[in-house]
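> If you scroll down you'll find the structure; I have some questions about it.
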Amino acid sequence: MNTDQIQRALADIAAESDPPIKLLKLASLVSAVFRERGVELVVVGGSAIEFYTEGAYVSGDLDMCLVSPSRLDLRTRQEIMGRLGAVGGPRSWQVAGQYVDILGEVETLTRSGFRELQAPYGPVRLVSPEDLLVERVLISVYPQRHEPAELCARKLIAVALSGQVELDWAEVRRVAERPEYRIFPALEKLVAEVARELGKDSPYHS
Amino acid sequence: MNSEKTVPIIPKDRPIRWEEWLMGRRARRQTGNRVAPELIRRPGSSSDPRLRKLFNGQRGLPFKKSEEL
């Protein structure tokens, strides 16, 4: 992207007042300028949950992780974000009226692969709903009950059971049973609850 | 008519177009509202100071209502 294209994109994003659209357009622009330097990023956390659920969850920051390379020196981060007129760093910047955090290497245990959105300034990769669901269920239970995480999980389960998000339930189970999570009983119970509330069958009902 | 069938799915094995994603927003919000409150933004986090400074005391921009999506 040349300077004019970037400036037009920044003006568009700064003028956007709808939180999910603003964050995903920003993710698209950030992904594009990093991709030009051979760096692939993925959206994680609340912005990814918002993409799948429209759950009115996300706050004013966009969390992204490194896919490849798995590490990126601080000078390169600052140079790339500087093209966007970003303020701050080296892991968190203010851009177009939002915060962007670029964390470390993405953590994923699923085989599902990332999802991709063809957004206005280029493709955006998003961490899989399978990863998000297992992670949120874990956080909802340990180290103690955490209702915001449970509400996110409930909304993810609902859109998946309703056929609005394609989700690999077998893969969710496999990851939830792994030693790193050991959370399948809680997940199975929550899926059953949400399925009952929606009048649908649980994919884990035998 | 089953409205769930008319909403573009967020697919697993291919990219979703921006327009398709936009088309499904209201339906996804309404589905989530059946199992949880409409607004589930966390009341606080470690990012509070910077967020509340940027967003006039809030943690982000206000969300649109379902009917506005």
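Note on naming: chains are A, B, ... as they come in the structure tokens, residues start from 1 per chain, ligands start from 1 in the order shown.
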Near stretch 96-109 of chain A, counting only C-alpha atoms, which residues have an atom at most 7 Å away, once you skip same-chain residues fewer than 4 positions from it, shown as a JSON list (two decimals) with N, CA and C atoms, in the first residue's frame?


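Writing the result to part_4.json gives the following:
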```json
[["chain", "number", "residue", "atom", "x", "y", "z"],
["A", 10, "LEU", "N", -6.81, 4.98, 6.93],
["A", 10, "LEU", "CA", -6.81, 5.48, 8.31],
["A", 10, "LEU", "C", -7.97, 6.44, 8.55],
["A", 13, "ILE", "N", -11.15, 4.40, 8.85],
["A", 13, "ILE", "CA", -11.23, 3.68, 10.14],
["A", 13, "ILE", "C", -11.49, 4.66, 11.28],
["A", 14, "ALA", "N", -10.83, 5.80, 11.25],
["A", 14, "ALA", "CA", -11.03, 6.78, 12.33],
["A", 14, "ALA", "C", -12.47, 7.28, 12.36],
["A", 60, "GLY", "N", -12.00, -1.51, 23.40],
["A", 60, "GLY", "CA", -11.37, -0.66, 22.39],
["A", 60, "GLY", "C", -9.95, -1.04, 22.05],
["A", 61, "ASP", "N", -9.63, -2.31, 22.17],
["A", 61, "ASP", "CA", -8.29, -2.73, 21.75],
["A", 61, "ASP", "C", -8.35, -3.99, 20.90],
["A", 62, "LEU", "N", -7.42, -4.03, 19.97],
["A", 62, "LEU", "CA", -7.32, -5.12, 19.02],
["A", 62, "LEU", "C", -6.07, -5.92, 19.36],
["A", 63, "ASP", "N", -6.26, -7.22, 19.65],
["A", 63, "ASP", "CA", -5.13, -8.09, 19.97],
["A", 63, "ASP", "C", -4.77, -8.95, 18.76],
["A", 64, "MET", "N", -3.50, -8.90, 18.38],
["A", 64, "MET", "CA", -3.03, -9.72, 17.28],
["A", 64, "MET", "C", -1.77, -10.46, 17.73],
["A", 65, "CYS", "N", -1.57, -11.66, 17.15],
["A", 65, "CYS", "CA", -0.38, -12.45, 17.45],
["A", 65, "CYS", "C", 0.40, -12.72, 16.17],
["A", 66, "LEU", "N", 1.65, -13.09, 16.35],
["A", 66, "LEU", "CA", 2.51, -13.45, 15.22],
["A", 66, "LEU", "C", 2.24, -14.89, 14.79],
["A", 67, "VAL", "N", 2.10, -15.08, 13.49],
["A", 67, "VAL", "CA", 2.02, -16.44, 12.94],
["A", 67, "VAL", "C", 3.39, -16.82, 12.40],
["A", 70, "SER", "N", 7.81, -16.26, 14.04],
["A", 70, "SER", "CA", 7.25, -16.34, 15.39],
["A", 70, "SER", "C", 7.81, -15.26, 16.32],
["A", 71, "ARG", "N", 8.87, -14.60, 15.87],
["A", 71, "ARG", "CA", 9.42, -13.48, 16.64],
["A", 71, "ARG", "C", 9.68, -12.34, 15.68],
["A", 91, "ARG", "N", 4.91, -2.93, 21.80],
["A", 91, "ARG", "CA", 3.92, -4.02, 21.70],
["A", 91, "ARG", "C", 2.50, -3.49, 21.65],
["A", 92, "SER", "N", 2.31, -2.23, 21.96],
["A", 92, "SER", "CA", 0.97, -1.64, 21.99],
["A", 92, "SER", "C", 1.04, -0.22, 21.44],
["A", 131, "ASP", "N", -10.46, -23.08, 19.02],
["A", 131, "ASP", "CA", -9.50, -22.62, 20.03],
["A", 131, "ASP", "C", -10.17, -21.68, 21.03],
["A", 175, "VAL", "N", -9.37, -31.25, 21.73],
["A", 175, "VAL", "CA", -8.50, -30.25, 22.39],
["A", 175, "VAL", "C", -8.90, -30.10, 23.86]]
```

> Would you kindly report the residues of chain A within 7 Å of chain B, using only C-alpha atoms, as an MDAnalysis selection string?

chainID A and resid 17:19 53:60 115:119 148 151 154:155 158:159 162:166 194 197

> Could you jot down the atom CA of A:Ala153 to atom CA of A:Trp169 separation for me, Å, one decimal place?

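Spanning atom CA of A:Ala153 to atom CA of A:Trp169 is a straight-line distance of 13.6 Å.
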
> If you run DSSP on this backbone, which residues of stretch 24-172 of chain A come out as alpha helix (DSSP H), and could you give them as a VMD selection string?

chain A and resid 24 to 35 45 to 53 74 to 82 129 to 141 147 to 161 169 to 172

> Can you tell me, as an MDAnalysis selection string, what residues are no more than 7 Å from A:Pro90 when counting only C-alpha atoms, ignoring any on the same chain fewer than 6 positions away?

chainID A and resid 74 77:78

> If you run DSSP on the backbone, which residues of stretch 54-168 of chain A are strand (DSSP E), as a ChimeraX atom specification?

/A:61-68,87-88,92-95,98-105,115-119,122-126

> Atom CA of A:Leu133 and atom CA of A:Cys152, how far apart in Å?

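Atom CA of A:Leu133 lies at a distance of 8.2 Å from atom CA of A:Cys152.
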
> Could you work out how far atom CA of A:Arg75 lies from atom CA of A:Leu126, giving the answer in Å with one decimal?

25.3 Å

> Which residues are near A:Lys25? Cut-off 8 Å, only C-alpha atoms, ignore same chain within fewer than 3 positions. Put them as a ChimeraX atom specification.

/A:13,21-22,28-29,119-121

> Take the residues that were just selected and, keeping C-alpha atoms, output them as a compact mmCIF listing (two decimals), in the first residue's frame.


```txt
# COMPACT_ATOMS: atom_id res chain seq x y z
CA ILE A 13 -11.23 3.68 10.14
CA ILE A 21 -16.32 -2.95 11.92
CA LYS A 22 -13.74 -0.47 13.16
CA SER A 28 -7.13 -5.59 7.80
CA LEU A 29 -4.90 -2.54 7.44
CA ALA A 119 -11.82 -7.32 4.56
CA PRO A 120 -11.61 -3.91 2.85
CA TYR A 121 -7.81 -3.52 3.06
```
